[in-house]
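Engineer: A single structure is presented below for examination.
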Amino acid sequence: MGKKYDQISEKHIDFIIRQQIFFVATGASEGRINLSPKGLDSLRIVNPNQVVWLNLTGSGNETATHLMEDGRITLMFCAFEGDPKILRLYGRASSHLEGSEAWDAHIGRFPLLPGGRQIILMDVEMVASACGYGVPLFSYQGERDALIEWAEKKGEKGVREFQEKYNKVSVDGKPTDLAEEF
C-alpha cells in the first residue's frame with residue numbers, strides 16, 4: 001500500500017542515494033508532457049523539503065521550459081535491484097543558469113561535469129512511496145561515459161554553440177531559459 005509523507009525522511013534518503021537513475025516529469029498547461037531519465041552524480045538532497053540537481057546539456061531542454069511556465073515537477077526513483085520500491089517526490093521547481101545566485105550557491109555540491117546547463121532547485125511538497133512489485137529487476141553495470149566525453153570533446157565553446165542551436169526552444173516551440181542567454 002502506498003504512503004504519503006510531508007518530507008524526505010532519512011529512510012527515503014538512503015533509498016534515493018542507492019539508485020543509479022531517476023526520472024523527471026514536467027508539463028506545461030498545453031503541449032507535450034516531458035519525462036526524462038537522469039543519471040551520473042547529478043542529484044543532491046539539500047534538506048527534507050528541497051532537492052537540487054545539475055541538469056546537463058542534452059538534445060532538448062523541456063524541463064526548463066515547463067518550469068518557466070508552470071513549475072510543477074515530479075521525480076521518480078525505482079528499485080531495479082533488491083527490495084521492490086518506487087518513491088516519488090512532488091513539488092515545484094525552478095531552473096537557474098550559470099552565474100545566478102542559485103547556481104553559485106549549489107554548483108559546489110557536484111563534481112565538475114562538463115556540459116552543466118542549469119541547476120534545478122526543487123521544493124518538495126509531498127513524498128509518496130509505492131510497492132514497485134511490477135518493476136523488473138536489472139543489474140547496474142556502470143555509468144555511460146558518452147555524454148561526458150561528448151561535452152569534453154566539444155569544449156565549453158562547442159557546448160554553448162550546441163545549446164544555442166538545440167536548447168533555446170522546446171519541442172512545442174516555447175522558449176527555454178537559455179533563449180535569453182543567446
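Residue numbers start at 1 in each chain; chains themselves are named A, B, ... in the order of the C-alpha cells; ligands are numbered from 1 in the order shown.
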Which residues, written as a PDB file with C-alpha atoms, in the first residue's frame, have at least one atom at most 6 Å from range 127-136 of chain A, with only C-alpha atoms counted and residues fewer than 6 positions away on the same chain left out?
Structural biologist:
```
ATOM      1  CA  GLY A   2       1.363   3.415  -0.935  1.00  0.00           C
ATOM      2  CA  LYS A   3       2.107   6.016   1.711  1.00  0.00           C
ATOM      3  CA  LYS A   4       2.374   9.804   1.624  1.00  0.00           C
ATOM      4  CA  TYR A   5       4.779  11.972   3.595  1.00  0.00           C
ATOM      5  CA  PRO A  84      10.827  -3.558  -4.760  1.00  0.00           C
ATOM      6  CA  LYS A  85      10.055   0.111  -4.182  1.00  0.00           C
ATOM      7  CA  ILE A  86       9.040   3.269  -6.010  1.00  0.00           C
ATOM      8  CA  LEU A  87       9.486   6.714  -4.472  1.00  0.00           C
ATOM      9  CA  ARG A  88       8.119   9.916  -5.968  1.00  0.00           C
ATOM     10  CA  LEU A  89       8.884  13.498  -4.977  1.00  0.00           C
TER      11      LEU A  89
END
```
Engineer: Kindly indicate which residue among A:Glu101, A:Gly158, A:Tyr90, A:His96 lies nearest to Ile119 in chain A, using only C-alpha atoms for the distances.
Structural biologist: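 The shortest atom-to-atom distance to Ile119 in chain A comes from A:His96.
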Engineer: Any chance you could list, as a ChimeraX atom specification, the residues in chain A that come up strand (DSSP E or B) when DSSP is run on the backbone?
Structural biologist: /A:3-5,22-27,33-38,43-47,50-56,72-78,86-97,116-130,169,175
Engineer: When DSSP is applied to the backbone of this structure, which of range 6-172 of chain A are assigned helix (DSSP H, G or I)? Write them out as a ChimeraX atom specification.
Structural biologist: /A:10-18,62-69,101-109,146-166
Engineer: For the selection just defined, write its residues with C-alpha atoms to a file, as a PDB file, in the first residue's frame.
Structural biologist:
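Dumped to out.pdb:
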```pdb
ATOM      1  CA  GLU A  10      16.386   9.531   6.352  1.00  0.00           C
ATOM      2  CA  LYS A  11      14.969   6.214   5.108  1.00  0.00           C
ATOM      3  CA  HIS A  12      13.979   7.908   1.833  1.00  0.00           C
ATOM      4  CA  ILE A  13      17.421   9.486   1.525  1.00  0.00           C
ATOM      5  CA  ASP A  14      19.076   6.086   1.968  1.00  0.00           C
ATOM      6  CA  PHE A  15      16.901   4.706  -0.830  1.00  0.00           C
ATOM      7  CA  ILE A  16      17.456   7.671  -3.173  1.00  0.00           C
ATOM      8  CA  ILE A  17      21.247   7.659  -2.906  1.00  0.00           C
ATOM      9  CA  ARG A  18      21.368   3.954  -3.794  1.00  0.00           C
ATOM     10  CA  GLU A  62      11.892  20.669 -21.998  1.00  0.00           C
ATOM     11  CA  THR A  63      12.270  20.717 -18.231  1.00  0.00           C
ATOM     12  CA  ALA A  64      13.420  24.345 -18.211  1.00  0.00           C
ATOM     13  CA  THR A  65      10.569  25.433 -20.478  1.00  0.00           C
ATOM     14  CA  HIS A  66       7.942  23.719 -18.368  1.00  0.00           C
ATOM     15  CA  LEU A  67       9.356  25.079 -15.132  1.00  0.00           C
ATOM     16  CA  MET A  68       9.316  28.624 -16.511  1.00  0.00           C
ATOM     17  CA  GLU A  69       5.621  28.291 -17.362  1.00  0.00           C
ATOM     18  CA  GLU A 101      22.662  33.178  -7.202  1.00  0.00           C
ATOM     19  CA  ALA A 102      21.176  29.648  -7.024  1.00  0.00           C
ATOM     20  CA  TRP A 103      23.826  28.274  -9.412  1.00  0.00           C
ATOM     21  CA  ASP A 104      26.610  29.784  -7.338  1.00  0.00           C
ATOM     22  CA  ALA A 105      25.045  28.505  -4.098  1.00  0.00           C
ATOM     23  CA  HIS A 106      24.691  24.888  -5.285  1.00  0.00           C
ATOM     24  CA  ILE A 107      27.234  24.096  -8.025  1.00  0.00           C
ATOM     25  CA  GLY A 108      29.862  23.212  -5.417  1.00  0.00           C
ATOM     26  CA  ARG A 109      27.725  20.238  -4.332  1.00  0.00           C
ATOM     27  CA  ALA A 146      29.272   9.160 -23.763  1.00  0.00           C
ATOM     28  CA  LEU A 147      27.731  12.429 -22.503  1.00  0.00           C
ATOM     29  CA  ILE A 148      30.847  13.464 -20.589  1.00  0.00           C
ATOM     30  CA  GLU A 149      33.132  12.510 -23.488  1.00  0.00           C
ATOM     31  CA  TRP A 150      30.877  14.391 -25.930  1.00  0.00           C
ATOM     32  CA  ALA A 151      30.990  17.567 -23.799  1.00  0.00           C
ATOM     33  CA  GLU A 152      34.745  17.303 -23.238  1.00  0.00           C
ATOM     34  CA  LYS A 153      35.350  16.841 -26.955  1.00  0.00           C
ATOM     35  CA  LYS A 154      33.145  19.819 -27.863  1.00  0.00           C
ATOM     36  CA  GLY A 155      34.703  22.017 -25.197  1.00  0.00           C
ATOM     37  CA  GLU A 156      32.933  24.859 -23.466  1.00  0.00           C
ATOM     38  CA  LYS A 157      32.530  26.889 -26.665  1.00  0.00           C
ATOM     39  CA  GLY A 158      31.194  23.916 -28.622  1.00  0.00           C
ATOM     40  CA  VAL A 159      28.691  23.025 -25.900  1.00  0.00           C
ATOM     41  CA  ARG A 160      27.436  26.634 -25.833  1.00  0.00           C
ATOM     42  CA  GLU A 161      27.033  26.560 -29.630  1.00  0.00           C
ATOM     43  CA  PHE A 162      25.063  23.294 -29.329  1.00  0.00           C
ATOM     44  CA  GLN A 163      22.849  24.810 -26.628  1.00  0.00           C
ATOM     45  CA  GLU A 164      22.236  27.870 -28.778  1.00  0.00           C
ATOM     46  CA  LYS A 165      21.193  25.693 -31.703  1.00  0.00           C
ATOM     47  CA  TYR A 166      19.184  22.981 -29.896  1.00  0.00           C
TER      48      TYR A 166
END
```
Engineer: My list of candidates is A:Gly27, A:Gly58, A:Gly82, A:Gly99. Which is closest to Pro114 in chain A when distances are computed with only C-alpha atoms?
Structural biologist: A:Gly58
Engineer: Would you mind telling me which residue in A:Met122, A:Ile45, A:Val169, A:Ile73 lies nearest to Asn61 in chain A when using only C-alpha atoms?
Structural biologist: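 Closest candidate: A:Val169.
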